[in-house]
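Below is one structure, written out as structure tokens; the observations come after it.
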Amino acid sequence: MTAPLLSVQNLTVDFTTRSGMVHVLEDVSFNIGAGEIIGIIGESGSGKSVTAYTVMGILDPAARIRSGRIAFEGTDVLQMDRRARDNWRGKEASIIFQNPRTALNPIRAVGDQIADVIARHTPARAAEVREQAIAALKQVRIPDPVRRMAAFPFELSGGLCQRIGIAIALACAPKLLIADEPTTGLDVTTQAVIMDLIRALASERGMSVALITHDLALASEYCDRIVIMHAGHVVETARTTDIITRSRHPYTARLLRSVPSLVDQIDELQAIEGLLPDLRRADLPPCRFAERCDRRLPACDAGKLEAAPAGTGHTVACRNPL
Ligand SMILES: Nc1ncnc2c1ncn2[C@@H]1O[C@H](COP(=O)(O)OP(=O)(O)OP(=O)(O)O)[C@@H](O)[C@H]1O
């Protein structure tokens, strides 16, 4: 088996807040292979964005990385000095954000925003930088790219702004793209256009993608593998077909039952009951899903919970799996 492009191992992250310590991520582990598209799925508050920001090195200053390793092509990015990490970000790994309009600088022409990234990471001269920025706009299929170079974000639709976000992220041909809810807030047709574009660019460049979303239906359409997160834990990881057809974790099964396009009959559709536990609690149980789970056993509360193999490329962190 070839080494993964990105390997996140036992990542534990807390936040210090005025109301106490928030235990956001605990022992989060997953891999992304070269050219692979993975989905990181979970309800709001499950720690998807904090995971992404930790990988990118853009965490809020209130965060503390307690332990873990993030290896990119074998090098632990958490051990890089600030300059090396700044060079790595944007060149080797990039991120696009949920709200393209707020992610862009509102008072700078979009062409200049793309050019800034190219100038930061390559030795190209000004004229070459402009040519590369136009090429980046063409690559994300922006009509009339030379004219669009001078446009400001407010002059563009949400879909076009997200394409600009993708052009900025991909300007230096990174090996990894993290797409954090890239289609939230866009209409359904534009969502499909953006996701098709990300998939096509990933395939053209052999680029890996981590798609962060709460939308399991979207992930099942675009991802090779899926990582399910609940309250800062990775609870199940498997190939997409295995998640959809033979999920083992009760939380994954609940997520599947809450997606209209993934249930056979409409009367099987169910909302996910209960709330995520308060992550400020000092007595968080080993399984953070236990208090919402109808398969809970006394063993669920005993000792640290580890992910166990559940088939080829399939792991589950549950003492009473399906
Ligand atoms: N700066 C911060 N200070 C304190 N807690 C934080 C901070 N940022 C995030 N958190 C907490 O971390 C937890 C995970 O948040 P995160 O944004 O990663 O969730 P998410 O799964 O990405 O949700 P969403 O889909 O809503 O973006 C939440 O409980 C959140 O309140």
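All residue names refer to the structure tokens as shown: chains lettered A, B, ... in order, residues numbered from 1 in each chain, ligands numbered from 1 in order.
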Around ligand 1, out to 10 Å and counting only C-alpha atoms and all ligand atoms, which residues are there? I want them as JSON, numbers by chain. {"A": [13, 14, 15, 16, 17, 18, 19, 20, 21, 22, 23, 24, 25, 40, 41, 42, 43, 44, 45, 46, 47, 48, 49, 50, 51, 52, 53, 54, 59, 60, 61, 62, 63, 98, 180, 181, 184, 212, 213, 214, 215, 229, 230, 231, 232, 276, 277, 278, 279, 280]}
Those selected residues, please, written with C-alpha atoms and delivered as a short mmCIF file (atom, residue, chain, number, x, y, z; two decimals), in the first residue's frame.
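The file below, part-v3.cif, is the result:
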data_model
loop_
_atom_site.label_atom_id
_atom_site.label_comp_id
_atom_site.auth_asym_id
_atom_site.auth_seq_id
_atom_site.Cartn_x
_atom_site.Cartn_y
_atom_site.Cartn_z
CA VAL A 13 -7.35 19.98 20.37
CA ASP A 14 -8.85 22.06 23.21
CA PHE A 15 -9.98 25.68 23.34
CA THR A 16 -9.55 27.87 26.41
CA THR A 17 -12.64 30.02 26.87
CA ARG A 18 -14.02 32.23 29.63
CA SER A 19 -16.48 29.49 30.53
CA GLY A 20 -13.77 26.82 30.75
CA MET A 21 -11.89 24.39 28.58
CA VAL A 22 -13.71 23.07 25.47
CA HIS A 23 -12.51 19.57 24.57
CA VAL A 24 -13.14 19.85 20.85
CA LEU A 25 -11.09 17.09 19.17
CA ILE A 40 -15.54 14.53 6.46
CA ILE A 41 -19.13 14.38 7.66
CA GLY A 42 -20.92 15.27 10.88
CA GLU A 43 -23.48 17.55 12.43
CA SER A 44 -22.73 21.17 13.17
CA GLY A 45 -20.26 21.30 16.06
CA SER A 46 -18.70 17.89 15.43
CA GLY A 47 -15.24 19.40 14.87
CA LYS A 48 -14.92 19.23 11.07
CA SER A 49 -13.74 22.82 10.63
CA VAL A 50 -11.42 22.70 13.65
CA THR A 51 -9.82 19.60 12.11
CA ALA A 52 -9.38 21.43 8.79
CA TYR A 53 -7.96 24.56 10.42
CA THR A 54 -5.53 22.47 12.48
CA LEU A 59 -6.48 27.79 14.27
CA ASP A 60 -7.88 30.45 16.55
CA PRO A 61 -5.21 31.55 19.10
CA ALA A 62 -7.46 30.19 21.90
CA ALA A 63 -6.81 26.65 20.61
CA GLN A 98 -18.07 28.15 3.22
CA ASP A 180 -15.00 23.45 3.94
CA GLU A 181 -18.72 23.40 3.12
CA THR A 184 -23.48 26.00 1.50
CA ILE A 212 -16.13 18.94 4.70
CA THR A 213 -19.89 18.86 4.84
CA HIS A 214 -22.89 17.92 6.94
CA ASP A 215 -24.53 16.71 3.70
CA MET A 229 -17.27 12.65 13.00
CA HIS A 230 -19.40 13.06 16.11
CA ALA A 231 -18.60 15.53 18.91
CA GLY A 232 -14.88 15.65 18.11
CA LEU A 276 -24.17 16.78 20.97
CA PRO A 277 -22.76 16.64 24.53
CA ASP A 278 -21.46 19.88 26.02
CA LEU A 279 -17.77 19.71 25.15
CA ARG A 280 -16.89 21.80 28.24
#
Write out as JSON, numbers by chain the set of residues from stretch 40-278 of chain A that DSSP, computed on the backbone, places in strand (DSSP E). {"A": [40, 41, 63, 64, 65, 66, 67, 68, 69, 70, 71, 72, 75, 76, 93, 94, 95, 96, 176, 177, 178, 179, 180, 208, 209, 210, 211, 212, 213, 225, 226, 227, 228, 229, 230, 233, 234, 235, 236, 237, 238, 239]}
Determine which residues of stretch 64-301 of chain A receive a DSSP assignment of helix (DSSP H, G or I), computed from the backbone, and state them as a ChimeraX atom specification. /A:77-79,82-91,100-103,110-121,126-139,145-148,153-155,158-170,188-205,216-222,240-245,250-257,260-262,266-268,290-292,298-301
Would you mind exporting the chosen residues as a short mmCIF file (atom, residue, chain, number, x, y, z; two decimals), in the first residue's frame, restricted to C-alpha atoms?
data_model
loop_
_atom_site.label_atom_id
_atom_site.label_comp_id
_atom_site.auth_asym_id
_atom_site.auth_seq_id
_atom_site.Cartn_x
_atom_site.Cartn_y
_atom_site.Cartn_z
CA VAL A 77 3.61 19.83 9.55
CA LEU A 78 3.02 20.53 13.26
CA GLN A 79 6.81 20.50 13.73
CA ARG A 82 6.29 29.31 11.03
CA ARG A 83 8.03 30.27 7.79
CA ALA A 84 8.06 26.71 6.46
CA ARG A 85 4.40 26.31 7.38
CA ASP A 86 3.49 29.60 5.65
CA ASN A 87 5.29 28.41 2.51
CA TRP A 88 3.60 25.01 2.71
CA ARG A 89 0.13 26.54 3.05
CA GLY A 90 -1.11 27.73 -0.33
CA LYS A 91 1.59 25.86 -2.23
CA PRO A 100 -17.06 32.71 -0.81
CA ARG A 101 -18.12 36.33 -0.63
CA THR A 102 -16.79 36.89 2.90
CA ALA A 103 -13.67 34.78 2.23
CA VAL A 110 -10.34 39.38 -7.84
CA GLY A 111 -7.49 39.14 -10.38
CA ASP A 112 -5.16 40.88 -7.90
CA GLN A 113 -6.21 38.46 -5.17
CA ILE A 114 -5.21 35.51 -7.35
CA ALA A 115 -1.99 37.27 -8.39
CA ASP A 116 -1.08 37.87 -4.71
CA VAL A 117 -0.99 34.12 -4.04
CA ILE A 118 1.05 33.40 -7.18
CA ALA A 119 3.53 36.18 -6.37
CA ARG A 120 3.83 34.90 -2.77
CA HIS A 121 4.73 31.35 -3.77
CA ALA A 126 4.67 40.76 -12.76
CA ALA A 127 3.64 40.07 -16.39
CA GLU A 128 3.94 36.30 -15.86
CA VAL A 129 1.97 36.56 -12.62
CA ARG A 130 -0.86 38.27 -14.52
CA GLU A 131 -0.81 35.60 -17.23
CA GLN A 132 -0.90 32.86 -14.59
CA ALA A 133 -3.80 34.59 -12.81
CA ILE A 134 -5.75 34.72 -16.10
CA ALA A 135 -4.93 31.04 -16.65
CA ALA A 136 -6.21 30.28 -13.11
CA LEU A 137 -9.51 32.02 -13.97
CA LYS A 138 -9.76 30.03 -17.20
CA GLN A 139 -9.14 26.83 -15.33
CA PRO A 145 -11.38 35.89 -17.74
CA VAL A 146 -9.37 38.94 -18.89
CA ARG A 147 -12.31 41.25 -18.17
CA ARG A 148 -13.11 39.46 -14.90
CA PRO A 153 -16.44 40.35 -5.39
CA PHE A 154 -19.70 42.36 -5.04
CA GLU A 155 -19.99 42.43 -8.84
CA GLY A 158 -22.09 33.60 -5.25
CA GLY A 159 -21.19 30.81 -7.68
CA LEU A 160 -18.62 32.98 -9.49
CA CYS A 161 -17.15 34.12 -6.14
CA GLN A 162 -16.71 30.47 -5.12
CA ARG A 163 -14.95 29.81 -8.46
CA ILE A 164 -12.61 32.72 -7.63
CA GLY A 165 -12.02 31.09 -4.21
CA ILE A 166 -11.15 27.84 -5.99
CA ALA A 167 -8.88 29.70 -8.45
CA ILE A 168 -7.01 31.30 -5.52
CA ALA A 169 -6.73 27.96 -3.74
CA LEU A 170 -5.48 26.14 -6.83
CA VAL A 188 -28.85 23.61 -5.96
CA THR A 189 -27.80 24.02 -9.62
CA THR A 190 -24.77 26.13 -8.72
CA GLN A 191 -23.88 23.61 -5.97
CA ALA A 192 -23.67 20.86 -8.58
CA VAL A 193 -21.62 23.06 -10.93
CA ILE A 194 -19.10 23.85 -8.16
CA MET A 195 -18.84 20.23 -7.00
CA ASP A 196 -18.45 18.98 -10.59
CA LEU A 197 -15.71 21.57 -11.09
CA ILE A 198 -13.85 20.49 -7.93
CA ARG A 199 -14.07 16.84 -8.97
CA ALA A 200 -12.90 17.59 -12.54
CA LEU A 201 -9.94 19.71 -11.34
CA ALA A 202 -8.98 17.04 -8.80
CA SER A 203 -8.99 14.39 -11.50
CA GLU A 204 -7.06 16.57 -14.03
CA ARG A 205 -4.34 17.34 -11.47
CA LEU A 216 -24.09 12.95 3.46
CA ALA A 217 -26.00 12.80 0.16
CA LEU A 218 -23.56 15.27 -1.43
CA ALA A 219 -20.55 13.39 -0.03
CA SER A 220 -21.90 10.04 -1.24
CA GLU A 221 -22.02 11.44 -4.77
CA TYR A 222 -18.51 12.88 -4.89
CA THR A 240 -18.43 5.45 0.45
CA THR A 241 -20.35 2.37 -0.70
CA ASP A 242 -19.63 0.64 2.63
CA ILE A 243 -20.82 3.67 4.59
CA ILE A 244 -24.04 3.74 2.59
CA THR A 245 -24.77 0.00 2.42
CA PRO A 250 -25.28 3.66 15.20
CA TYR A 251 -24.60 7.38 14.56
CA THR A 252 -23.82 6.75 10.89
CA ALA A 253 -27.03 4.74 10.62
CA ARG A 254 -28.95 7.68 12.11
CA LEU A 255 -27.32 10.10 9.69
CA LEU A 256 -28.29 7.84 6.79
CA ARG A 257 -31.91 7.68 7.99
CA PRO A 260 -34.27 11.83 2.02
CA SER A 261 -32.34 10.61 -1.04
CA LEU A 262 -30.72 7.74 0.92
CA ILE A 266 -40.19 8.32 2.82
CA ASP A 267 -41.72 7.01 6.09
CA GLU A 268 -38.26 5.66 7.07
CA ALA A 290 -23.52 7.05 24.22
CA GLU A 291 -26.09 9.45 25.69
CA ARG A 292 -27.97 9.57 22.35
CA PRO A 298 -22.59 -0.80 30.37
CA ALA A 299 -19.35 -1.62 28.49
CA CYS A 300 -19.75 1.62 26.50
CA ASP A 301 -18.80 3.64 29.59
#
Hey, what's within 7 Å of A:His233 if we count only C-alpha atoms and toss same-chain stuff fewer than 6 positions away? As a count of residues only, please? 4
